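Each remark here refers to the structure printed beneath this line.
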Amino acid sequence: MRRLFLALPASAALLAAACSSAPDASAPEPLAGNWELEKEASRLAFVTIKAGQVVEAHSFGDLSGSVAEDGTASFAVDLASVNTNVDVRDQRMRDILFQVADFPQAKVSAQIDPATLSGLGLGEQTIVPVTATLDLHGEKAPIETRLAVTRVAPDKVEVETTSPIILDAANYALGEGLSQLQELAGLPAITAQVPVTFSLVYGKSDD
């Protein structure tokens, strides 16, 4: 009987240790696999400044993108989906500035280290420095930024800019088109530097 009493605490200790080391069934799986952009839940906006003081916000409605298991990320913007809330201006941007017949998309590519995100828990956020390449209007230029990545659901993450990304039209051969827009609108100036922000939601793919 004494041996039984001595064995009981030891057995209880072993059971407790086993339970504590067992994985939490309620904890989400590590972030891994392939991810696809959920376009209906994603937003990309940009701001223009004309005449040095008139600030207007615009957006693009058609976005697509994916992140592969190895961290290869791609993101595309359908430039014909530009929305400035003025039909004539939308058409001018499509035809004169972006020249969508020849350059229908703006494309972003980047390589992300999957290890920096694999342990992200539900509701947790991390800031990730990213070096990306923007291919716009036949020109490519690097972008250095910091993105906030939040795990909003077990199979969903939200990626947001922590501050606006400033794009210069001159880096993408858009200066001539911008000058034509300025002339057509009868404006003294249109600022070539454009702040861009986005909130992108990615869902885990079954692939």
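A note on labels: chains of the structure tokens are A, B, ... as shown, every chain counts residues from 1, and ligands are counted from 1 in their shown order.
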
**OP:** Name the residues in contact with Asp206 (chain A) at a cut-off of 9 Å, using only C-alpha atoms, excluding same-chain residues fewer than 5 positions from it; report them as a list in words.
**Re:** Gly33, Asn34 and Trp35 of chain A

Emit the selected residues as an mmCIF file, in the first residue's frame, including all heavy atoms.
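Output file part.cif follows:
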```
data_model
loop_
_atom_site.group_PDB
_atom_site.id
_atom_site.type_symbol
_atom_site.label_atom_id
_atom_site.label_comp_id
_atom_site.auth_asym_id
_atom_site.auth_seq_id
_atom_site.Cartn_x
_atom_site.Cartn_y
_atom_site.Cartn_z
ATOM 1 N N GLY A 33 2.438 27.532 -46.045
ATOM 2 C CA GLY A 33 1.670 27.226 -47.239
ATOM 3 C C GLY A 33 1.528 28.415 -48.165
ATOM 4 O O GLY A 33 2.289 29.386 -48.097
ATOM 5 N N ASN A 34 0.547 28.334 -49.043
ATOM 6 C CA ASN A 34 0.312 29.367 -50.042
ATOM 7 C C ASN A 34 -0.878 30.242 -49.652
ATOM 8 O O ASN A 34 -1.845 29.758 -49.053
ATOM 9 C CB ASN A 34 0.045 28.714 -51.406
ATOM 10 C CG ASN A 34 1.211 27.870 -51.874
ATOM 11 O OD1 ASN A 34 2.351 28.320 -51.870
ATOM 12 N ND2 ASN A 34 0.939 26.636 -52.262
ATOM 13 N N TRP A 35 -0.799 31.537 -50.020
ATOM 14 C CA TRP A 35 -1.817 32.506 -49.628
ATOM 15 C C TRP A 35 -2.250 33.313 -50.846
ATOM 16 O O TRP A 35 -1.436 33.662 -51.699
ATOM 17 C CB TRP A 35 -1.268 33.439 -48.544
ATOM 18 C CG TRP A 35 -0.878 32.694 -47.303
ATOM 19 C CD1 TRP A 35 0.228 31.914 -47.126
ATOM 20 C CD2 TRP A 35 -1.615 32.614 -46.083
ATOM 21 N NE1 TRP A 35 0.239 31.365 -45.862
ATOM 22 C CE2 TRP A 35 -0.879 31.775 -45.204
ATOM 23 C CE3 TRP A 35 -2.797 33.183 -45.639
ATOM 24 C CZ2 TRP A 35 -1.315 31.488 -43.916
ATOM 25 C CZ3 TRP A 35 -3.228 32.901 -44.350
ATOM 26 C CH2 TRP A 35 -2.488 32.060 -43.500
#
```

Given only C-alpha atoms, how would the per-residue table for region 54-81 of chain A near region 95-105 of chain A read, listing every residue at most 9 Å away with its closest atom pair and distance in Å to one decimal, sorted by chain and number, as a Markdown table?
```
| residue | atom | partner | partner_atom | distance |
| --- | --- | --- | --- | --- |
| A:Ala76 | CA | A:Gln105 | CA | 6.4 |
| A:Val77 | CA | A:Gln105 | CA | 5.4 |
| A:Asp78 | CA | A:Gln105 | CA | 4.8 |
| A:Leu79 | CA | A:Gln105 | CA | 5.4 |
| A:Ala80 | CA | A:Val100 | CA | 6.4 |
```

Computed gap from CA of Pro164 (chain A) to CA of Thr126 (chain A) is 17.6 Å

With distances taken over only C-alpha atoms, the candidate from A:Arg94, A:Arg146, A:His58, A:Lys107 nearest Pro195 (chain A) is A:His58

* Leu37 (chain A): which residues within 9 Å, counting only C-alpha atoms, same-chain residues fewer than 6 positions away excluded, as a ChimeraX atom specification? -> /A:63-67,75,200-204

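Considering the residues A:Met93, A:Thr150, A:Thr162, A:Ile127 and counting only C-alpha atoms, Leu184 (chain A) has its shortest atom-to-atom contact with A:Met93.
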
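CA of Leu178 (chain A) lies 10.1 Å from CA of Arg92 (chain A).
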
Could you find all residues in region 2-203 of chain A that DSSP calls strand (DSSP E or B) from the backbone, and write them as a PyMOL selection string?
chain A and resi 35-37+43-50+54-60+63-67+72-78+82-83+105-111+125-136+139-153+156-161+165-168+190+193-203

**Asked** Which residues in chain A does DSSP call alpha helix (DSSP H)? List them as a ChimeraX atom specification.
**Response** /A:2-21,87-92,175-185

Same residues, N, CA and C atoms, output as a CSV table (one decimal), in the first residue's frame:
```csv
chain,number,residue,atom,x,y,z
A,2,ARG,N,2.0,1.2,0.8
A,2,ARG,CA,2.9,2.4,0.9
A,2,ARG,C,3.4,2.7,-0.5
A,3,ARG,N,3.8,1.6,-1.3
A,3,ARG,CA,4.3,1.8,-2.6
A,3,ARG,C,3.3,2.5,-3.5
A,4,LEU,N,2.0,2.1,-3.3
A,4,LEU,CA,0.9,2.7,-4.1
A,4,LEU,C,0.8,4.2,-3.9
A,5,PHE,N,0.9,4.6,-2.6
A,5,PHE,CA,0.8,6.0,-2.2
A,5,PHE,C,2.0,6.8,-2.8
A,6,LEU,N,3.2,6.1,-2.8
A,6,LEU,CA,4.4,6.8,-3.4
A,6,LEU,C,4.3,6.9,-4.9
A,7,ALA,N,3.7,5.9,-5.6
A,7,ALA,CA,3.6,5.9,-7.0
A,7,ALA,C,2.6,6.9,-7.5
A,8,LEU,N,1.5,7.2,-6.7
A,8,LEU,CA,0.5,8.1,-7.2
A,8,LEU,C,1.0,9.5,-7.5
A,9,PRO,N,1.8,10.1,-6.5
A,9,PRO,CA,2.3,11.5,-6.9
A,9,PRO,C,3.1,11.5,-8.1
A,10,ALA,N,4.0,10.4,-8.3
A,10,ALA,CA,4.8,10.4,-9.4
A,10,ALA,C,4.0,10.3,-10.7
A,11,SER,N,3.0,9.4,-10.7
A,11,SER,CA,2.1,9.3,-11.9
A,11,SER,C,1.4,10.6,-12.2
A,12,ALA,N,0.9,11.3,-11.1
A,12,ALA,CA,0.3,12.6,-11.4
A,12,ALA,C,1.2,13.6,-12.0
A,13,ALA,N,2.5,13.6,-11.5
A,13,ALA,CA,3.5,14.5,-12.1
A,13,ALA,C,3.7,14.2,-13.5
A,14,LEU,N,3.9,12.9,-13.9
A,14,LEU,CA,4.1,12.5,-15.3
A,14,LEU,C,2.9,12.9,-16.1
A,15,LEU,N,1.7,12.7,-15.6
A,15,LEU,CA,0.5,13.1,-16.4
A,15,LEU,C,0.4,14.6,-16.6
A,16,ALA,N,0.8,15.4,-15.6
A,16,ALA,CA,0.8,16.8,-15.7
A,16,ALA,C,1.8,17.3,-16.8
A,17,ALA,N,3.0,16.7,-16.7
A,17,ALA,CA,4.0,17.0,-17.7
A,17,ALA,C,3.6,16.7,-19.1
A,18,ALA,N,2.9,15.5,-19.2
A,18,ALA,CA,2.5,15.2,-20.6
A,18,ALA,C,1.4,16.1,-21.1
A,19,CYS,N,0.5,16.5,-20.2
A,19,CYS,CA,-0.5,17.5,-20.6
A,19,CYS,C,0.0,18.8,-21.0
A,20,SER,N,1.0,19.3,-20.2
A,20,SER,CA,1.6,20.6,-20.5
A,20,SER,C,2.4,20.6,-21.8
A,21,SER,N,2.9,19.5,-22.2
A,21,SER,CA,3.7,19.5,-23.4
A,21,SER,C,2.9,19.2,-24.6
A,87,ASP,N,-15.4,60.8,-63.8
A,87,ASP,CA,-15.2,59.9,-65.0
A,87,ASP,C,-14.2,60.4,-66.0
A,88,VAL,N,-14.3,61.7,-66.3
A,88,VAL,CA,-13.3,62.2,-67.3
A,88,VAL,C,-11.9,62.1,-66.8
A,89,ARG,N,-11.7,62.3,-65.6
A,89,ARG,CA,-10.3,62.2,-65.0
A,89,ARG,C,-9.9,60.7,-65.0
A,90,ASP,N,-10.8,59.8,-64.7
A,90,ASP,CA,-10.4,58.4,-64.8
A,90,ASP,C,-9.9,58.0,-66.2
A,91,GLN,N,-10.7,58.5,-67.2
A,91,GLN,CA,-10.4,58.1,-68.5
A,91,GLN,C,-9.0,58.7,-69.0
A,92,ARG,N,-8.8,59.9,-68.6
A,92,ARG,CA,-7.5,60.6,-68.9
A,92,ARG,C,-6.3,59.8,-68.2
A,175,GLY,N,6.3,61.3,-66.2
A,175,GLY,CA,6.4,62.7,-66.2
A,175,GLY,C,5.7,63.4,-67.4
A,176,GLU,N,5.9,62.8,-68.6
A,176,GLU,CA,5.2,63.4,-69.8
A,176,GLU,C,3.7,63.3,-69.7
A,177,GLY,N,3.2,62.2,-69.2
A,177,GLY,CA,1.8,62.0,-69.1
A,177,GLY,C,1.2,63.0,-68.0
A,178,LEU,N,2.0,63.2,-67.0
A,178,LEU,CA,1.5,64.1,-65.9
A,178,LEU,C,1.4,65.5,-66.4
A,179,SER,N,2.4,65.9,-67.3
A,179,SER,CA,2.4,67.2,-67.9
A,179,SER,C,1.2,67.4,-68.8
A,180,GLN,N,0.8,66.4,-69.5
A,180,GLN,CA,-0.3,66.5,-70.4
A,180,GLN,C,-1.6,66.6,-69.6
A,181,LEU,N,-1.7,65.9,-68.5
A,181,LEU,CA,-2.9,66.0,-67.6
A,181,LEU,C,-3.0,67.4,-67.0
A,182,GLN,N,-1.9,67.9,-66.6
A,182,GLN,CA,-1.8,69.3,-66.1
A,182,GLN,C,-2.3,70.3,-67.1
A,183,GLU,N,-1.9,70.1,-68.4
A,183,GLU,CA,-2.3,71.1,-69.4
A,183,GLU,C,-3.8,71.0,-69.7
A,184,LEU,N,-4.3,69.7,-69.8
A,184,LEU,CA,-5.7,69.5,-70.1
A,184,LEU,C,-6.6,70.1,-69.0
A,185,ALA,N,-6.1,70.0,-67.8
A,185,ALA,CA,-6.9,70.5,-66.6
A,185,ALA,C,-6.7,71.9,-66.4
```

Excluding Thr197 (chain A) and its own-chain neighbours fewer than 4 positions away, which residues fall within 10 Å of it when counting only C-alpha atoms? Please give them as a list of chain:residue names. A:Arg43, A:Leu44, A:Ala45, A:Phe46, A:Val47, A:Ser59, A:Glu160, A:Thr161, A:Thr162, A:Ser163, A:Pro164, A:Ile165, A:Ile166

Shell of 8 Å around Thr48 (chain A), only C-alpha atoms, local chain residues under 4 positions omitted, as a PDB file with all heavy atoms, in the first residue's frame:
```pdb
ATOM      1  N   VAL A  55      -5.744  68.671 -52.307  1.00  0.00           N
ATOM      2  CA  VAL A  55      -5.398  67.281 -52.025  1.00  0.00           C
ATOM      3  C   VAL A  55      -6.627  66.408 -52.252  1.00  0.00           C
ATOM      4  O   VAL A  55      -7.706  66.685 -51.719  1.00  0.00           O
ATOM      5  CB  VAL A  55      -4.905  67.118 -50.565  1.00  0.00           C
ATOM      6  CG1 VAL A  55      -4.544  65.664 -50.273  1.00  0.00           C
ATOM      7  CG2 VAL A  55      -3.710  68.032 -50.316  1.00  0.00           C
ATOM      8  N   GLU A  56      -6.461  65.343 -53.042  1.00  0.00           N
ATOM      9  CA  GLU A  56      -7.574  64.460 -53.355  1.00  0.00           C
ATOM     10  C   GLU A  56      -7.150  63.001 -53.204  1.00  0.00           C
ATOM     11  O   GLU A  56      -6.026  62.630 -53.550  1.00  0.00           O
ATOM     12  CB  GLU A  56      -8.077  64.706 -54.778  1.00  0.00           C
ATOM     13  CG  GLU A  56      -8.669  66.100 -54.969  1.00  0.00           C
ATOM     14  CD  GLU A  56      -9.048  66.366 -56.418  1.00  0.00           C
ATOM     15  OE1 GLU A  56      -8.153  66.304 -57.276  1.00  0.00           O
ATOM     16  OE2 GLU A  56     -10.228  66.642 -56.676  1.00  0.00           O
ATOM     17  N   ALA A  57      -8.053  62.185 -52.696  1.00  0.00           N
ATOM     18  CA  ALA A  57      -7.786  60.760 -52.476  1.00  0.00           C
ATOM     19  C   ALA A  57      -8.448  59.936 -53.575  1.00  0.00           C
ATOM     20  O   ALA A  57      -9.595  60.200 -53.962  1.00  0.00           O
ATOM     21  CB  ALA A  57      -8.312  60.328 -51.113  1.00  0.00           C
ATOM     22  N   HIS A  58      -7.720  58.928 -54.053  1.00  0.00           N
ATOM     23  CA  HIS A  58      -8.207  58.065 -55.127  1.00  0.00           C
ATOM     24  C   HIS A  58      -7.908  56.606 -54.760  1.00  0.00           C
ATOM     25  O   HIS A  58      -7.254  56.320 -53.751  1.00  0.00           O
ATOM     26  CB  HIS A  58      -7.525  58.411 -56.450  1.00  0.00           C
ATOM     27  CG  HIS A  58      -7.398  59.886 -56.696  1.00  0.00           C
ATOM     28  ND1 HIS A  58      -8.480  60.709 -56.886  1.00  0.00           N
ATOM     29  CD2 HIS A  58      -6.297  60.689 -56.757  1.00  0.00           C
ATOM     30  CE1 HIS A  58      -8.071  61.954 -57.081  1.00  0.00           C
ATOM     31  NE2 HIS A  58      -6.744  61.972 -56.993  1.00  0.00           N
ATOM     32  N   ILE A 190       0.936  69.838 -60.935  1.00  0.00           N
ATOM     33  CA  ILE A 190       0.498  68.594 -60.301  1.00  0.00           C
ATOM     34  C   ILE A 190       1.741  67.973 -59.680  1.00  0.00           C
ATOM     35  O   ILE A 190       2.736  67.737 -60.367  1.00  0.00           O
ATOM     36  CB  ILE A 190      -0.135  67.606 -61.304  1.00  0.00           C
ATOM     37  CG1 ILE A 190      -1.394  68.197 -61.943  1.00  0.00           C
ATOM     38  CG2 ILE A 190      -0.476  66.302 -60.598  1.00  0.00           C
ATOM     39  CD1 ILE A 190      -2.038  67.293 -62.985  1.00  0.00           C
ATOM     40  N   THR A 191       1.702  67.749 -58.390  1.00  0.00           N
ATOM     41  CA  THR A 191       2.865  67.215 -57.681  1.00  0.00           C
ATOM     42  C   THR A 191       3.184  65.803 -58.162  1.00  0.00           C
ATOM     43  O   THR A 191       2.298  64.947 -58.255  1.00  0.00           O
ATOM     44  CB  THR A 191       2.616  67.203 -56.165  1.00  0.00           C
ATOM     45  OG1 THR A 191       2.300  68.539 -55.745  1.00  0.00           O
ATOM     46  CG2 THR A 191       3.829  66.704 -55.405  1.00  0.00           C
ATOM     47  N   VAL A 194       3.684  60.955 -55.028  1.00  0.00           N
ATOM     48  CA  VAL A 194       2.343  60.454 -54.708  1.00  0.00           C
ATOM     49  C   VAL A 194       2.405  59.486 -53.529  1.00  0.00           C
ATOM     50  O   VAL A 194       3.057  58.442 -53.613  1.00  0.00           O
ATOM     51  CB  VAL A 194       1.729  59.734 -55.927  1.00  0.00           C
ATOM     52  CG1 VAL A 194       0.358  59.166 -55.580  1.00  0.00           C
ATOM     53  CG2 VAL A 194       1.629  60.686 -57.118  1.00  0.00           C
ATOM     54  N   PRO A 195       1.737  59.798 -52.407  1.00  0.00           N
ATOM     55  CA  PRO A 195       1.668  58.864 -51.280  1.00  0.00           C
ATOM     56  C   PRO A 195       0.681  57.725 -51.581  1.00  0.00           C
ATOM     57  O   PRO A 195      -0.418  57.965 -52.075  1.00  0.00           O
ATOM     58  CB  PRO A 195       1.156  59.731 -50.126  1.00  0.00           C
ATOM     59  CG  PRO A 195       1.275  61.152 -50.596  1.00  0.00           C
ATOM     60  CD  PRO A 195       1.149  61.105 -52.077  1.00  0.00           C
TER      61      PRO A 195
END
```

What separates CA of Asn171 (chain A) and CA of Ala106 (chain A) is a distance of 13.3 Å

Within 9 Å of region 131-135 of chain A, counting only C-alpha atoms, which residues qualify if same-chain residues fewer than 3 places away don't, as an mmCIF file with all heavy atoms, in the first residue's frame?
```cif
data_model
loop_
_atom_site.group_PDB
_atom_site.id
_atom_site.type_symbol
_atom_site.label_atom_id
_atom_site.label_comp_id
_atom_site.auth_asym_id
_atom_site.auth_seq_id
_atom_site.Cartn_x
_atom_site.Cartn_y
_atom_site.Cartn_z
ATOM 1 N N GLN A 105 -0.975 46.785 -66.117
ATOM 2 C CA GLN A 105 -0.842 46.509 -64.687
ATOM 3 C C GLN A 105 0.397 47.161 -64.091
ATOM 4 O O GLN A 105 1.403 47.375 -64.770
ATOM 5 C CB GLN A 105 -0.751 45.000 -64.431
ATOM 6 C CG GLN A 105 -2.029 44.223 -64.674
ATOM 7 C CD GLN A 105 -1.872 42.779 -64.257
ATOM 8 O OE1 GLN A 105 -0.841 42.156 -64.457
ATOM 9 N NE2 GLN A 105 -2.920 42.222 -63.652
ATOM 10 N N ALA A 106 0.291 47.454 -62.815
ATOM 11 C CA ALA A 106 1.466 47.740 -61.984
ATOM 12 C C ALA A 106 1.727 46.474 -61.175
ATOM 13 O O ALA A 106 0.792 45.908 -60.599
ATOM 14 C CB ALA A 106 1.201 48.916 -61.064
ATOM 15 N N LYS A 107 2.976 46.013 -61.159
ATOM 16 C CA LYS A 107 3.292 44.750 -60.498
ATOM 17 C C LYS A 107 4.367 44.956 -59.436
ATOM 18 O O LYS A 107 5.356 45.649 -59.665
ATOM 19 C CB LYS A 107 3.770 43.723 -61.519
ATOM 20 C CG LYS A 107 2.740 43.392 -62.579
ATOM 21 C CD LYS A 107 3.273 42.381 -63.583
ATOM 22 C CE LYS A 107 2.240 42.052 -64.654
ATOM 23 N NZ LYS A 107 2.761 41.070 -65.638
ATOM 24 N N VAL A 108 4.137 44.339 -58.294
ATOM 25 C CA VAL A 108 5.092 44.399 -57.184
ATOM 26 C C VAL A 108 5.563 42.985 -56.874
ATOM 27 O O VAL A 108 4.755 42.054 -56.807
ATOM 28 C CB VAL A 108 4.457 45.020 -55.927
ATOM 29 C CG1 VAL A 108 5.455 45.042 -54.771
ATOM 30 C CG2 VAL A 108 3.949 46.423 -56.216
ATOM 31 N N SER A 109 6.863 42.827 -56.707
ATOM 32 C CA SER A 109 7.416 41.527 -56.319
ATOM 33 C C SER A 109 8.336 41.710 -55.126
ATOM 34 O O SER A 109 8.998 42.741 -54.985
ATOM 35 C CB SER A 109 8.183 40.883 -57.484
ATOM 36 O OG SER A 109 9.222 41.732 -57.929
ATOM 37 N N ALA A 110 8.362 40.719 -54.243
ATOM 38 C CA ALA A 110 9.200 40.788 -53.043
ATOM 39 C C ALA A 110 9.473 39.377 -52.541
ATOM 40 O O ALA A 110 8.755 38.429 -52.884
ATOM 41 C CB ALA A 110 8.524 41.611 -51.952
ATOM 42 N N GLN A 111 10.519 39.260 -51.747
ATOM 43 C CA GLN A 111 10.837 37.989 -51.099
ATOM 44 C C GLN A 111 10.763 38.192 -49.597
ATOM 45 O O GLN A 111 11.445 39.046 -49.032
ATOM 46 C CB GLN A 111 12.247 37.511 -51.496
ATOM 47 C CG GLN A 111 12.603 36.132 -50.983
ATOM 48 C CD GLN A 111 11.737 35.036 -51.602
ATOM 49 O OE1 GLN A 111 11.463 35.069 -52.800
ATOM 50 N NE2 GLN A 111 11.312 34.078 -50.796
ATOM 51 N N ILE A 112 9.911 37.406 -48.942
ATOM 52 C CA ILE A 112 9.700 37.515 -47.497
ATOM 53 C C ILE A 112 10.222 36.262 -46.819
ATOM 54 O O ILE A 112 10.042 35.152 -47.333
ATOM 55 C CB ILE A 112 8.201 37.697 -47.192
ATOM 56 C CG1 ILE A 112 7.672 38.974 -47.866
ATOM 57 C CG2 ILE A 112 7.937 37.765 -45.690
ATOM 58 C CD1 ILE A 112 6.170 39.106 -47.836
ATOM 59 N N GLY A 138 6.495 50.207 -67.636
ATOM 60 C CA GLY A 138 7.711 49.752 -68.304
ATOM 61 C C GLY A 138 9.000 50.033 -67.564
ATOM 62 O O GLY A 138 10.093 49.722 -68.054
ATOM 63 N N GLU A 139 8.905 50.595 -66.380
ATOM 64 C CA GLU A 139 10.082 50.911 -65.578
ATOM 65 C C GLU A 139 10.017 50.169 -64.243
ATOM 66 O O GLU A 139 8.941 49.985 -63.680
ATOM 67 C CB GLU A 139 10.174 52.418 -65.310
ATOM 68 C CG GLU A 139 10.231 53.276 -66.558
ATOM 69 C CD GLU A 139 11.535 53.108 -67.319
ATOM 70 O OE1 GLU A 139 12.551 52.787 -66.663
ATOM 71 O OE2 GLU A 139 11.537 53.304 -68.554
ATOM 72 N N LYS A 140 11.189 49.775 -63.742
ATOM 73 C CA LYS A 140 11.266 49.094 -62.458
ATOM 74 C C LYS A 140 12.120 49.915 -61.493
ATOM 75 O O LYS A 140 13.148 50.458 -61.874
ATOM 76 C CB LYS A 140 11.887 47.701 -62.613
ATOM 77 C CG LYS A 140 11.046 46.745 -63.426
ATOM 78 C CD LYS A 140 11.708 45.369 -63.495
ATOM 79 C CE LYS A 140 10.859 44.387 -64.294
ATOM 80 N NZ LYS A 140 11.490 43.044 -64.357
ATOM 81 N N ALA A 141 11.671 49.981 -60.250
ATOM 82 C CA ALA A 141 12.415 50.711 -59.215
ATOM 83 C C ALA A 141 12.172 50.031 -57.868
ATOM 84 O O ALA A 141 11.093 49.479 -57.627
ATOM 85 C CB ALA A 141 11.982 52.172 -59.160
ATOM 86 N N PRO A 142 13.189 50.058 -56.992
ATOM 87 C CA PRO A 142 13.031 49.427 -55.671
ATOM 88 C C PRO A 142 12.202 50.269 -54.726
ATOM 89 O O PRO A 142 12.145 51.495 -54.849
ATOM 90 C CB PRO A 142 14.474 49.306 -55.178
ATOM 91 C CG PRO A 142 15.191 50.431 -55.846
ATOM 92 C CD PRO A 142 14.543 50.606 -57.187
ATOM 93 N N ILE A 143 11.556 49.599 -53.784
ATOM 94 C CA ILE A 143 10.788 50.259 -52.740
ATOM 95 C C ILE A 143 11.218 49.686 -51.394
ATOM 96 O O ILE A 143 11.246 48.473 -51.215
ATOM 97 C CB ILE A 143 9.275 50.021 -52.912
ATOM 98 C CG1 ILE A 143 8.774 50.649 -54.212
ATOM 99 C CG2 ILE A 143 8.497 50.581 -51.729
ATOM 100 C CD1 ILE A 143 7.337 50.303 -54.515
ATOM 101 N N GLU A 144 11.569 50.547 -50.465
ATOM 102 C CA GLU A 144 11.908 50.145 -49.099
ATOM 103 C C GLU A 144 10.774 50.597 -48.188
ATOM 104 O O GLU A 144 10.411 51.776 -48.174
ATOM 105 C CB GLU A 144 13.217 50.801 -48.649
ATOM 106 C CG GLU A 144 14.429 50.460 -49.502
ATOM 107 C CD GLU A 144 15.032 49.119 -49.141
ATOM 108 O OE1 GLU A 144 14.638 48.559 -48.086
ATOM 109 O OE2 GLU A 144 15.891 48.628 -49.897
ATOM 110 N N THR A 145 10.195 49.667 -47.443
ATOM 111 C CA THR A 145 9.085 50.037 -46.578
ATOM 112 C C THR A 145 8.993 49.092 -45.394
ATOM 113 O O THR A 145 9.732 48.108 -45.309
ATOM 114 C CB THR A 145 7.752 50.034 -47.369
ATOM 115 O OG1 THR A 145 6.727 50.610 -46.571
ATOM 116 C CG2 THR A 145 7.360 48.625 -47.775
ATOM 117 N N ARG A 146 8.086 49.383 -44.494
ATOM 118 C CA ARG A 146 7.799 48.517 -43.346
ATOM 119 C C ARG A 146 6.303 48.238 -43.346
ATOM 120 O O ARG A 146 5.495 49.165 -43.452
ATOM 121 C CB ARG A 146 8.222 49.206 -42.043
ATOM 122 C CG ARG A 146 9.731 49.337 -41.896
ATOM 123 C CD ARG A 146 10.108 50.336 -40.812
ATOM 124 N NE ARG A 146 9.605 49.944 -39.508
ATOM 125 C CZ ARG A 146 10.226 49.091 -38.680
ATOM 126 N NH1 ARG A 146 11.372 48.537 -39.052
ATOM 127 N NH2 ARG A 146 9.730 48.801 -37.494
ATOM 128 N N TYR A 172 9.147 56.338 -63.027
ATOM 129 C CA TYR A 172 8.390 55.366 -63.821
ATOM 130 C C TYR A 172 7.957 55.938 -65.176
ATOM 131 O O TYR A 172 6.951 55.498 -65.736
ATOM 132 C CB TYR A 172 7.177 54.892 -63.016
ATOM 133 C CG TYR A 172 7.574 54.288 -61.691
ATOM 134 C CD1 TYR A 172 7.532 55.058 -60.518
ATOM 135 C CD2 TYR A 172 8.048 52.982 -61.602
ATOM 136 C CE1 TYR A 172 7.935 54.518 -59.300
ATOM 137 C CE2 TYR A 172 8.447 52.442 -60.394
ATOM 138 C CZ TYR A 172 8.381 53.224 -59.248
ATOM 139 O OH TYR A 172 8.796 52.692 -58.042
#
```

Using only C-alpha atoms, the best pick from A:Gln53, A:Asn85, A:Pro114, A:Asp62 as closest to Lys39 (chain A) would be A:Asp62

For Ser118 (chain A): contacts at 12 Å, only C-alpha atoms, fewer than 5 positions along chain excluded, given as JSON, numbers by chain: {"A": [28, 29, 30, 31, 32, 33, 69, 70, 71, 112, 113, 124, 125, 126, 149, 150, 151, 154, 157]}
